[in-house]
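Please read the structure below before turning to the comments.
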There are 4 protein chains.
Amino acid sequence: MPSVLVAGASGFAGALAADLIQRHPDFELAAVTARSDVGRPLHELYPRYRVPLVLEELDLDRHAGVDAAIVAYPHAAAAPVVAGLRRRGVRVVDLSADFRLRDLATYERWYGAHPEPALIAEAVYGLTELHRYAIAAAELVANPGCFPTGALLGLAPLARAGLIADVVIDAKTGISGSGRAPTWETHFSSAGENVTPYKVDGHRHTPEMEEQLAGLGAPSLAVQFVPHLVPLDQGELMSCYVTPTRAVEPAELAALYEDAYAGERFVELADAPPSMRDVRETNMCRIQALRAEHTGKLLVFSVVDNLWKAPPRRRSRT
Amino acid sequence: MPSVLVAGASGFAGALAADLIQRHPDFELAAVTARSDVGRPLHELYPRYRVPLVLEELDLDRHAGVDAAIVAYPHAAAAPVVAGLRRRGVRVVDLSADFRLRDLATYERWYGAHPEPALIAEAVYGLTELHRYAIAAAELVANPGCFPTGALLGLAPLARAGLIADVVIDAKTGISGSGRAPTWETHFSSAGENVTPYKVDGHRHTPEMEEQLAGLGAPSLAVQFVPHLVPLDQGELMSCYVTPTRAVEPAELAALYEDAYAGERFVELADAPPSMRDVRETNMCRIQALRAEHTGKLLVFSVVDNLWKAPPRRRSRT
Amino acid sequence: MPSVLVAGASGFAGALAADLIQRHPDFELAAVTARSDVGRPLHELYPRYRVPLVLEELDLDRHAGVDAAIVAYPHAAAAPVVAGLRRRGVRVVDLSADFRLRDLATYERWYGAHPEPALIAEAVYGLTELHRYAIAAAELVANPGCFPTGALLGLAPLARAGLIADVVIDAKTGISGSGRAPTWETHFSSAGENVTPYKVDGHRHTPEMEEQLAGLGAPSLAVQFVPHLVPLDQGELMSCYVTPTRAVEPAELAALYEDAYAGERFVELADAPPSMRDVRETNMCRIQALRAEHTGKLLVFSVVDNLWKAPPRRRSRT
Amino acid sequence: MPSVLVAGASGFAGALAADLIQRHPDFELAAVTARSDVGRPLHELYPRYRVPLVLEELDLDRHAGVDAAIVAYPHAAAAPVVAGLRRRGVRVVDLSADFRLRDLATYERWYGAHPEPALIAEAVYGLTELHRYAIAAAELVANPGCFPTGALLGLAPLARAGLIADVVIDAKTGISGSGRAPTWETHFSSAGENVTPYKVDGHRHTPEMEEQLAGLGAPSLAVQFVPHLVPLDQGELMSCYVTPTRAVEPAELAALYEDAYAGERFVELADAPPSMRDVRETNMCRIQALRAEHTGKLLVFSVVDNLWKAPPRRRSRT
């Protein structure tokens with residue numbers, strides 16, 4: 001069974017990844033490393049995840065014996081770890097933003113200098129429904145940002161059909177999206193009973209959406225994206241308001257989405273507005289697309305759980 | 001001191017209105033009536049509001065001795081009560097939608113037949129910052145809908161300047177906006193840890209916004225408005241995405257808002273995104289307006305507490 | 001693979017049971033029945049549970065071909081269904097209170113007349129850690145109440161050792177414990193930002209705890225039990241304050257719990273106060289027991305997720 | 001009008017005190033000081049409180065010109081500030097624990113060395129319903145802890161009547177009780193959807209309750225007190241389980257509470273379990289006392305808003 005290292009397992013995403021691998025029927029969790037809390041069992045930090053492994057300091061030479069690694073570091077800190085693992089032949093899924101953008105100039109405009117630009121060409125953007133075959137063959141997978149996941153699955157059928165003239169994406173995200181570090185913004189007495197827009201002119205997931213949408217057939221689109229913090233733990237809703245390039249009939253719209261997602265296990269189409277709870281603690285993306293009669297705009301609502309991914313279930317063979 | 005009747009005091013808005021009048025230094029709460037729970041003290045239904053009056057059945061002849069009335073009935077049910085009170089010479093603030101729209105055809109398209117069309121001409125739209133002098137002289141005030149309050153205060157300066165070519169309004173509202181009736185949508189186990197768009201093509205507050213924006217200088221605008229239910233009790237955030245008719249400089253934008261709201265006690269302008277908590281249990285509307293550099297769109301965020309209005313405080317004269 | 005019927009699948013507990021059986025590697029979900037929403041796929045009522053089966057009206061003759069049934073009806077309504085299934089040879093797990101109490105007089109004092117008293121003798125109280133072997137052999141299992149589950153696992157080691165002279169149990173429960181029916185108590189605007197004690201003198205889970213504790217070695221104990229509604233969805237915390245029959249040293253206390261739960265997969269002992277989140281969406285019960293130095297009382301805190309039970313995971317055999 | 005200084009106005013309690021004074025018809029807010037955020041308007045930290053004053057560094061000589069001061073420092077840090085103000089003749093309300101306990105040895109056992117023991121004798125415990133006349137005459141008032149406020153108002157009638165043989169106090173508190181500093185415990189993703197007992201053997205409010213109950217007539221009582229963090233912002237519920245010294249009839253119990261609180265504006269007695277929401281953003285304490293028939297224990301439930309105190313309203317004189 002392939003062995004997997006999780007590097008950066010003390011944050012929300014890394015800890016969940018470790019739990020997921022440990023419970024997955026097809027993988028073995030080899031080790032968990034972190035930059036803080038070294039020496040503590042992961043179970044102590046996250047009692048709900050029953051991962052008994054002790055957090056270790058990352059030692060590339062020692063840990064590189066694994067078949068694959070999931071790297072859960074912040075951007076810029078991730079790239080050198082990824083590079084070290086790749087040089088030792090380890091297949092890597094990187095959860096940071098470091099390898100999501102193919103255009104180096106775009107990366108540097110939004111994130112600053114890139115520590116390992118040579119590796120960018122090797123990376124595959126890890127949204128399965130868009131790049132399934134490339135991902136299967138990839139040595140380095142750049143896991144999509146949480147907002148782009150829902151937005152791209154929601155908008156891909158329209159982008160491919162050349163229907164997006166303009167788009168406003170208004171996102172609502174639970175507090176876990178802000179990470180585990182305690183701040184005033186994540187304090188219960190600040191976040192509870194509250195809603196706040198943030199990064200109102202320029203969230204870093206904007207260029208990631210634009211680059212992927214361009215690749216699908218919507219070049220030179222300037223996406224207007226604004227996320228809002230809402231008082232719940234896990235979940236993201238993307239409300240997309242598309243000004244279409246031409247009038248679109250409801251039947252055509254429905255056909256576009258059905259064609260795009262027929263046979264996809266993790267995408268489901270809905271006739272009614274999707275709720276975050278519909279997908280909580282699942283791997284699903286639930287999407288409604290409709291034409292607003294009053295304005296002629298196309299509305300697309302999509303929900304994902306930003307945090308949780310459940311392992312597959314296997315039938316026992318009795 | 002003027003005496004005030006609250007008709008329909010068992011719902012959220014009516015009960016709060018009764019509490020507000022009772023605590024107001026300049027009014028006397030004469031009676032509270034309701035269609036259910038007659039005979040129970042309002043205090044029993046709403047322990048937090050310490051209104052000891054007992055809910056009575058409305059008797060127009062008996063209750064019409066008051067100086068003014070606040071009517072908190074659902075639309076269509078409100079109009080006949082308002083008409084009865086007006087015929088007896090009572091000044092009325094109507095909290096329903098029945099007299100908000102000046103155009104009868106628009107009303108009937110969104111709400112159905114109007115029970116008292118003759119009264120429409122008499123009504124003044126009760127958004128103080130827009131219609132202060134007309135309200136002061138009015139015999140019948142149509143209280144604005146909760147969403148239009150925040151949206152119109154946020155967009156009025158742009159509408160007056162002829163700057164709105166297109167607008168998307170994405171609203172987030174607490175659960176109390178759905179009223180006191182228990183439904184699956186307002187059940188804690190449905191609404192908690194959840195966000196859901198609703199009435200995605202055609203919320204009835206749309207024509208109210210359009211009619212008022214037209215009056216301000218944005219005629220024939222089709223507003224794209226979608227509300228979302230978020231897991232908190234009180235509060236509404238309006239996120240407005242405006243495609244401008246021409247390029248607007250930040251300084252011009254700031255001047256527009258400062259001019260519009262100089263001297264207004266209940267509107268405050270902010271340099272950072274406003275939060276629902278900033279205005280909780282107050283009468284304030286807090287607004288940020290900015291130009292998005294990336295897209296050139298104008299973004300306006302405004303927050304109000306949909307439920308609460310605090311009475312003014314008076315200094316004692318010692 | 002054994003086939004399982006879930007009768008009463010439209011409520012929280014029945015729906016979850018259906019999801020659990022469907023995802024369980026060792027069972028086949030044969031049918032789901034309900035008294036309302038017949039003809040709708042369960043998936044429509046609970047999008048998060050991806051159970052595609054359509055709710056049917058229960059027809060004992062037709063449905064009794066299954067190997068086992070889970071009955072999720074309210075008390076008194078459950079017993080006749082259970083009896084009908086038992087007469088047809090189906091093994092039953094009953095989620096109601098109808099077969100939890102062995103003493104008919106106690107049942108009738110707290111619940112009223114019993115519809116099927118003859119079946120009581122056959123039932124086994126389904127708390128695995130206390131009655132594992134009897135459950136394995138049983139034809140009729142009475143699933144424990146949510147509060148007794150946490151309380152009994154928390155108190156069993158003390159009851160067996162004859163250490164409980166008096167006990168106060170103060171429970172905190174999420175809103176899902178009140179069921180799916182919308183009421184004012186489950187309305188978000190009532191339950192949110194709130195805590196309320198309820199059934200303060202006489203919750204029906206009291207005799208269930210007393211009868212089981214008596215069976216363990218604490219006869220004629222009058223349990224003081226008060227539940228409190230807290231603003232969250234799933235989870236229950238039992239805070240148990242025990243006046244001991246004699247002074248107990250911390251080491252003795254620790255040994256009692258370690259002996260009781262050594263080898264139990266679903267009970268874990270903690271050195272720090274357990275949190276509801278520690279067990280969310282798991283099958284675990286987490287317990288801390290300590291002696292309060294200041295008073296000499298024994299404190300036991302235990303948490304369970306009242307709603308969720310996760311199916312076991314199986315490794316694939318590659 | 002008396003002028004008031006608030007020292008330590010950047011924390012939850014101090015900021016609320018400043019807002020309260022500013023809105024109070026009978027006082028003038030002279031200045032606000034803090035140890036952090038000096039130079040920023042308080043309004044910026046707490047937009048909801050519309051206090052325009054700028055936070056200053058405390059300068060005893062300069063600030064001591066006020067008539068009174070509210071000191072909102074942590075314990076041990078408060079005492080020297082209080083002493084400095086008292087030496088300059090300023091009347092002080094101290095919100096910390098430093099002057100709540102009359103017995104120095106008790107203070108030092110629970111809090112460590114006392115910085116200003118000589119001042120203890122001068123302090124009056126500021127629970128108005130228990131010490132009204134002493135408070136009116138006091139130069140130094142020690143504001144009660146949040147838990148003791150509810151617990152003492154709930155238990156005082158029983159203590160005076162000599163009815164408390166033993167008492168368990170199980171408290172539920174909102175997150176604001178933990179203060180404004182961001183920690184993992186106050187992080188939304190930790191505190192939300194959660195309940196956790198804390199300081200399970202020895203919260204510092206225990207001796208404060210014991211000393212006051214002793215003064216009322218319940219000497220040498222060892223109070224078993226355990227607080228629990230619940231996922232809401234403001235509010236505290238105290239569930240008190242009293243083993244009585246003798247059997248108490250319901251009528252006697254009711255008379256005790258009615259006599260104790262007749263004429264008290266801020267205490268109300270209830271026939272049903274009180275909810276936190278009943279008193280939210282008010283100055284009220286709502287109490288239910290009853291005898292549990294099943295056990296003979298006396299149950300007392302009391303709720304207060306730990307944070308909010310509303311200023312009185314004055315009628316205008318027209």
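Just remember, in the structure tokens the first chain shown is A, the second B, etc., residues are 1-based per chain, and ligands are 1-based in the order shown.
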
Counting only C-alpha atoms, collect the residues of chain A whose closest atom lies at most 9 Å from chain D, and write them out as number ranges by chain.
A: 174-176, 179-193, 231-234

Once chain A has been least-squares superposed onto chain C, matching all their Cα atoms in order, can you return it as a tab-separated table (two decimals) with C-alpha atoms, in the first residue's frame?
chain	number	residue	atom	x	y	z
A	1	MET	CA	-25.19	-9.50	3.28
A	2	PRO	CA	-27.97	-8.93	5.89
A	3	SER	CA	-30.74	-6.65	4.65
A	4	VAL	CA	-32.08	-3.92	6.92
A	5	LEU	CA	-35.31	-1.93	6.93
A	6	VAL	CA	-35.47	1.51	8.50
A	7	ALA	CA	-39.01	2.34	9.62
A	8	GLY	CA	-39.59	6.01	10.45
A	9	ALA	CA	-36.77	7.35	8.28
A	10	SER	CA	-38.00	10.93	7.89
A	11	GLY	CA	-36.91	12.08	11.38
A	12	PHE	CA	-33.35	12.94	12.36
A	13	ALA	CA	-32.54	9.59	13.96
A	14	GLY	CA	-34.18	7.43	11.32
A	15	ALA	CA	-32.60	9.29	8.43
A	16	LEU	CA	-29.17	9.01	9.99
A	17	ALA	CA	-29.76	5.31	10.62
A	18	ALA	CA	-30.63	4.84	6.96
A	19	ASP	CA	-27.49	6.68	5.90
A	20	LEU	CA	-25.41	4.63	8.32
A	21	ILE	CA	-26.76	1.32	7.06
A	22	GLN	CA	-26.34	2.33	3.45
A	23	ARG	CA	-22.71	3.26	3.99
A	24	HIS	CA	-21.96	0.29	6.23
A	25	PRO	CA	-19.77	-2.33	4.59
A	26	ASP	CA	-21.63	-5.23	6.21
A	27	PHE	CA	-25.30	-4.39	5.60
A	28	GLU	CA	-27.69	-3.73	2.75
A	29	LEU	CA	-30.36	-1.04	3.13
A	30	ALA	CA	-33.53	-2.77	1.95
A	31	ALA	CA	-36.16	-0.04	2.33
A	32	VAL	CA	-37.00	3.18	4.11
A	33	THR	CA	-40.52	3.91	5.33
A	34	ALA	CA	-42.17	6.91	6.93
A	35	ARG	CA	-45.51	8.24	8.03
A	36	SER	CA	-45.03	11.50	6.11
A	37	ASP	CA	-43.30	12.42	2.86
A	38	VAL	CA	-44.12	9.04	1.34
A	39	GLY	CA	-43.04	8.96	-2.31
A	40	ARG	CA	-40.14	11.37	-1.89
A	41	PRO	CA	-36.53	10.19	-2.10
A	42	LEU	CA	-34.88	10.48	1.31
A	43	HIS	CA	-32.08	12.38	-0.43
A	44	GLU	CA	-34.52	15.24	-1.06
A	45	LEU	CA	-35.28	15.70	2.66
A	46	TYR	CA	-31.65	15.23	3.70
A	47	PRO	CA	-29.43	16.23	0.78
A	48	ARG	CA	-26.34	15.54	2.85
A	49	TYR	CA	-27.26	11.89	3.25
A	50	ARG	CA	-26.99	10.49	-0.22
A	51	VAL	CA	-29.67	7.83	0.25
A	52	PRO	CA	-31.49	7.51	-3.10
A	53	LEU	CA	-34.28	5.23	-1.79
A	54	VAL	CA	-37.84	6.53	-1.91
A	55	LEU	CA	-39.83	6.72	1.33
A	56	GLU	CA	-42.59	4.12	1.35
A	57	GLU	CA	-45.60	3.53	3.53
A	58	LEU	CA	-44.85	0.74	6.00
A	59	ASP	CA	-46.49	-2.54	5.00
A	60	LEU	CA	-45.56	-5.16	7.55
A	61	ASP	CA	-46.26	-8.11	5.30
A	62	ARG	CA	-44.30	-6.74	2.41
A	63	HIS	CA	-41.42	-5.29	4.40
A	64	ALA	CA	-40.96	-8.18	6.83
A	65	GLY	CA	-38.73	-10.08	4.43
A	66	VAL	CA	-35.69	-8.27	5.81
A	67	ASP	CA	-33.18	-9.73	8.23
A	68	ALA	CA	-33.39	-6.81	10.63
A	69	ALA	CA	-35.20	-3.54	11.17
A	70	ILE	CA	-34.44	-0.27	12.89
A	71	VAL	CA	-37.60	1.38	14.19
A	72	ALA	CA	-37.45	5.15	14.68
A	73	TYR	CA	-40.92	6.07	15.88
A	74	PRO	CA	-41.94	8.13	18.91
A	75	HIS	CA	-42.62	6.16	22.09
A	76	ALA	CA	-46.03	4.42	22.21
A	77	ALA	CA	-46.18	4.55	18.40
A	78	ALA	CA	-43.10	2.35	18.19
A	79	ALA	CA	-44.26	-0.63	20.24
A	80	PRO	CA	-46.98	-1.88	17.83
A	81	VAL	CA	-44.58	-1.65	14.87
A	82	VAL	CA	-41.94	-3.51	16.82
A	83	ALA	CA	-44.48	-6.17	17.80
A	84	GLY	CA	-45.60	-6.60	14.19
A	85	LEU	CA	-42.02	-7.07	13.03
A	86	ARG	CA	-41.17	-9.46	15.83
A	87	ARG	CA	-44.23	-11.61	15.09
A	88	ARG	CA	-42.86	-11.96	11.55
A	89	GLY	CA	-39.46	-13.02	12.85
A	90	VAL	CA	-37.56	-9.82	12.16
A	91	ARG	CA	-34.77	-8.82	14.56
A	92	VAL	CA	-35.41	-5.28	15.72
A	93	VAL	CA	-33.43	-2.36	17.08
A	94	ASP	CA	-35.98	0.05	18.53
A	95	LEU	CA	-34.83	3.66	18.95
A	96	SER	CA	-37.83	4.68	21.08
A	97	ALA	CA	-38.26	4.50	24.83
A	98	ASP	CA	-40.82	1.70	24.65
A	99	PHE	CA	-38.57	-1.18	25.62
A	100	ARG	CA	-35.84	0.53	27.60
A	101	LEU	CA	-37.45	0.08	31.02
A	102	ARG	CA	-37.81	-3.39	32.44
A	103	ASP	CA	-40.31	-2.31	35.08
A	104	LEU	CA	-43.76	-1.85	33.57
A	105	ALA	CA	-45.02	0.26	36.47
A	106	THR	CA	-42.13	2.67	36.02
A	107	TYR	CA	-42.88	2.90	32.30
A	108	GLU	CA	-46.51	3.64	32.93
A	109	ARG	CA	-45.76	6.29	35.55
A	110	TRP	CA	-43.54	8.22	33.15
A	111	TYR	CA	-45.01	7.43	29.73
A	112	GLY	CA	-48.58	6.17	30.21
A	113	ALA	CA	-50.08	2.83	29.17
A	114	HIS	CA	-47.73	0.44	27.37
A	115	PRO	CA	-49.09	-0.90	24.06
A	116	GLU	CA	-47.13	-4.18	24.11
A	117	PRO	CA	-46.14	-5.09	27.66
A	118	ALA	CA	-45.60	-8.75	26.77
A	119	LEU	CA	-42.56	-7.88	24.69
A	120	ILE	CA	-40.70	-6.07	27.48
A	121	ALA	CA	-39.16	-9.23	28.87
A	122	GLU	CA	-37.58	-10.02	25.53
A	123	ALA	CA	-35.81	-6.67	25.12
A	124	VAL	CA	-32.15	-6.06	25.87
A	125	TYR	CA	-30.94	-2.56	26.76
A	126	GLY	CA	-28.62	-1.70	23.90
A	127	LEU	CA	-25.66	-0.07	25.57
A	128	THR	CA	-22.86	-2.23	24.21
A	129	GLU	CA	-20.30	-1.51	26.89
A	130	LEU	CA	-22.73	-2.70	29.57
A	131	HIS	CA	-24.59	-5.53	27.86
A	132	ARG	CA	-22.41	-6.72	24.98
A	133	TYR	CA	-23.16	-10.43	25.10
A	134	ALA	CA	-26.88	-10.07	25.70
A	135	ILE	CA	-27.11	-7.65	22.77
A	136	ALA	CA	-25.30	-10.05	20.45
A	137	ALA	CA	-27.90	-12.70	21.20
A	138	ALA	CA	-30.95	-10.43	21.34
A	139	GLU	CA	-33.91	-10.42	18.99
A	140	LEU	CA	-35.11	-7.06	20.29
A	141	VAL	CA	-32.68	-4.33	21.27
A	142	ALA	CA	-33.90	-1.17	23.02
A	143	ASN	CA	-31.55	1.59	21.97
A	144	PRO	CA	-30.61	3.79	24.96
A	145	GLY	CA	-31.82	7.37	25.22
A	146	CYS	CA	-29.27	9.99	24.23
A	147	PHE	CA	-28.76	11.33	27.77
A	148	PRO	CA	-28.53	7.90	29.45
A	149	THR	CA	-25.82	6.86	26.95
A	150	GLY	CA	-23.36	9.49	28.14
A	151	ALA	CA	-24.50	9.41	31.77
A	152	LEU	CA	-24.33	5.65	32.16
A	153	LEU	CA	-20.94	5.30	30.50
A	154	GLY	CA	-19.74	8.08	32.79
A	155	LEU	CA	-21.22	6.66	35.99
A	156	ALA	CA	-21.05	2.88	35.50
A	157	PRO	CA	-17.62	2.40	37.11
A	158	LEU	CA	-18.77	4.32	40.21
A	159	ALA	CA	-22.08	2.48	40.41
A	160	ARG	CA	-20.42	-0.92	40.20
A	161	ALA	CA	-18.05	0.05	43.00
A	162	GLY	CA	-20.94	1.18	45.20
A	163	LEU	CA	-19.57	4.70	45.38
A	164	ILE	CA	-22.64	6.79	44.51
A	165	ALA	CA	-24.47	8.16	47.55
A	166	ASP	CA	-26.10	11.01	45.61
A	167	VAL	CA	-25.81	12.37	42.08
A	168	VAL	CA	-26.72	15.55	40.22
A	169	ILE	CA	-26.58	15.26	36.42
A	170	ASP	CA	-26.59	18.55	34.56
A	171	ALA	CA	-26.81	17.91	30.81
A	172	LYS	CA	-26.20	20.23	27.88
A	173	THR	CA	-27.68	19.19	24.55
A	174	GLY	CA	-27.66	20.54	21.02
A	175	ILE	CA	-30.90	21.48	19.29
A	176	SER	CA	-31.12	18.37	17.11
A	177	GLY	CA	-32.06	16.50	20.29
A	178	SER	CA	-35.46	18.24	20.06
A	179	GLY	CA	-36.23	16.63	16.73
A	180	ARG	CA	-37.09	17.91	13.28
A	181	ALA	CA	-40.49	19.46	13.98
A	182	PRO	CA	-40.27	23.27	13.85
A	183	THR	CA	-41.36	24.92	17.10
A	184	TRP	CA	-40.61	28.22	18.76
A	185	GLU	CA	-38.05	26.42	20.95
A	186	THR	CA	-36.12	25.18	17.91
A	187	HIS	CA	-36.43	28.50	15.99
A	188	PHE	CA	-32.99	29.96	15.38
A	189	SER	CA	-34.09	33.32	16.82
A	190	SER	CA	-35.10	31.57	20.03
A	191	ALA	CA	-32.41	28.90	20.38
A	192	GLY	CA	-29.46	30.89	19.09
A	193	GLU	CA	-27.50	32.97	21.60
A	194	ASN	CA	-29.46	31.24	24.33
A	195	VAL	CA	-29.30	28.55	26.99
A	196	THR	CA	-32.45	27.21	28.67
A	197	PRO	CA	-33.03	24.49	31.24
A	198	TYR	CA	-36.08	22.38	30.42
A	199	LYS	CA	-38.20	19.66	32.01
A	200	VAL	CA	-36.58	20.82	35.22
A	201	ASP	CA	-38.49	18.46	37.41
A	202	GLY	CA	-38.84	15.21	35.64
A	203	HIS	CA	-37.24	14.40	32.30
A	204	ARG	CA	-38.22	10.91	31.16
A	205	HIS	CA	-34.66	9.74	30.86
A	206	THR	CA	-34.40	9.86	34.67
A	207	PRO	CA	-35.98	6.44	35.38
A	208	GLU	CA	-33.94	4.89	32.57
A	209	MET	CA	-30.74	6.04	34.26
A	210	GLU	CA	-31.98	4.93	37.65
A	211	GLU	CA	-32.99	1.46	36.51
A	212	GLN	CA	-29.66	0.84	34.78
A	213	LEU	CA	-27.65	2.26	37.68
A	214	ALA	CA	-29.61	0.02	40.03
A	215	GLY	CA	-28.71	-2.95	37.88
A	216	LEU	CA	-25.06	-2.01	38.14
A	217	GLY	CA	-25.07	-1.76	41.91
A	218	ALA	CA	-26.60	1.55	42.90
A	219	PRO	CA	-30.11	0.60	44.03
A	220	SER	CA	-32.73	3.11	45.16
A	221	LEU	CA	-30.79	6.10	43.95
A	222	ALA	CA	-32.93	9.16	43.10
A	223	VAL	CA	-31.11	10.83	40.23
A	224	GLN	CA	-31.40	14.61	39.99
A	225	PHE	CA	-31.26	15.18	36.23
A	226	VAL	CA	-31.77	18.51	34.41
A	227	PRO	CA	-31.09	18.98	30.69
A	228	HIS	CA	-30.26	22.37	29.13
A	229	LEU	CA	-30.68	23.40	25.51
A	230	VAL	CA	-27.49	24.99	24.13
A	231	PRO	CA	-27.05	26.72	20.76
A	232	LEU	CA	-25.36	24.12	18.61
A	233	ASP	CA	-26.60	21.34	16.40
A	234	GLN	CA	-25.21	17.99	17.54
A	235	GLY	CA	-23.67	16.85	20.79
A	236	GLU	CA	-24.33	16.24	24.46
A	237	LEU	CA	-22.26	16.87	27.53
A	238	MET	CA	-23.19	15.25	30.84
A	239	SER	CA	-21.74	16.92	33.94
A	240	CYS	CA	-22.18	14.51	36.85
A	241	TYR	CA	-21.65	15.61	40.44
A	242	VAL	CA	-21.38	12.59	42.70
A	243	THR	CA	-21.41	12.67	46.49
A	244	PRO	CA	-19.41	9.51	47.22
A	245	THR	CA	-20.30	6.94	49.86
A	246	ARG	CA	-16.72	7.20	51.14
A	247	ALA	CA	-13.55	9.16	50.40
A	248	VAL	CA	-11.97	8.13	47.10
A	249	GLU	CA	-8.33	8.63	46.18
A	250	PRO	CA	-7.48	9.84	42.66
A	251	ALA	CA	-5.45	6.70	41.95
A	252	GLU	CA	-8.36	4.46	42.87
A	253	LEU	CA	-10.67	6.52	40.70
A	254	ALA	CA	-8.34	6.29	37.71
A	255	ALA	CA	-8.01	2.54	38.14
A	256	LEU	CA	-11.79	2.07	38.22
A	257	TYR	CA	-12.19	3.78	34.86
A	258	GLU	CA	-9.20	2.15	33.22
A	259	ASP	CA	-10.41	-1.29	34.25
A	260	ALA	CA	-13.92	-0.58	33.07
A	261	TYR	CA	-12.96	0.62	29.61
A	262	ALA	CA	-9.74	-1.18	28.73
A	263	GLY	CA	-10.17	-2.50	25.21
A	264	GLU	CA	-13.34	-0.58	24.49
A	265	ARG	CA	-13.08	0.99	21.01
A	266	PHE	CA	-15.70	3.65	21.51
A	267	VAL	CA	-14.85	4.95	24.97
A	268	GLU	CA	-11.80	7.07	25.64
A	269	LEU	CA	-10.60	8.44	28.96
A	270	ALA	CA	-9.22	11.95	29.19
A	271	ASP	CA	-7.08	13.87	31.65
A	272	ALA	CA	-8.70	17.16	30.73
A	273	PRO	CA	-12.35	18.17	30.43
A	274	PRO	CA	-13.85	16.68	27.28
A	275	SER	CA	-15.44	18.92	24.65
A	276	MET	CA	-18.38	18.13	22.41
A	277	ARG	CA	-16.17	18.81	19.39
A	278	ASP	CA	-13.81	16.02	20.47
A	279	VAL	CA	-16.44	13.48	19.48
A	280	ARG	CA	-18.40	15.29	16.79
A	281	GLU	CA	-19.55	13.02	13.98
A	282	THR	CA	-17.96	10.03	15.66
A	283	ASN	CA	-19.20	7.07	17.64
A	284	MET	CA	-16.98	7.93	20.62
A	285	CYS	CA	-17.77	8.68	24.24
A	286	ARG	CA	-15.01	10.69	25.92
A	287	ILE	CA	-14.92	10.78	29.71
A	288	GLN	CA	-13.02	12.59	32.42
A	289	ALA	CA	-13.45	11.54	36.04
A	290	LEU	CA	-11.79	13.41	38.89
A	291	ARG	CA	-12.09	14.13	42.57
A	292	ALA	CA	-12.77	17.78	43.42
A	293	GLU	CA	-10.24	18.62	46.13
A	294	HIS	CA	-12.29	21.52	47.44
A	295	THR	CA	-15.43	19.50	48.17
A	296	GLY	CA	-14.45	15.85	47.99
A	297	LYS	CA	-17.14	15.23	45.38
A	298	LEU	CA	-16.44	13.08	42.35
A	299	LEU	CA	-16.92	14.90	39.04
A	300	VAL	CA	-17.54	13.00	35.83
A	301	PHE	CA	-17.84	14.72	32.46
A	302	SER	CA	-18.77	12.73	29.38
A	303	VAL	CA	-19.53	13.74	25.79
A	304	VAL	CA	-21.22	11.96	22.90
A	305	ASP	CA	-22.64	13.00	19.57
A	306	ASN	CA	-26.35	12.38	20.07
A	307	LEU	CA	-26.97	12.08	16.37
A	308	TRP	CA	-24.02	10.80	14.46
A	309	LYS	CA	-22.63	7.33	14.30
A	310	ALA	CA	-20.00	6.70	11.67
A	311	PRO	CA	-19.74	3.38	9.89
A	312	PRO	CA	-16.53	1.39	10.31
A	313	ARG	CA	-13.83	1.79	7.70
A	314	ARG	CA	-12.44	-1.22	5.94
A	315	ARG	CA	-9.05	-1.48	4.35
A	316	SER	CA	-9.21	-2.56	0.75
A	317	ARG	CA	-7.47	-5.86	0.11
A	318	THR	CA	-5.03	-5.15	-2.66

Got a sec to tell me which of stretch 118-206 of chain A DSSP assigns to alpha helix (DSSP H), as number ranges by chain?
A: 128-137, 146-160, 188-191, 205-206

Any chance you could list, as an MDAnalysis selection string, the residues in stretch 166-241 of chain B that come up strand (DSSP E) when DSSP is run on the backbone?
chainID B and resid 166:173 196:197 224:229 236:241
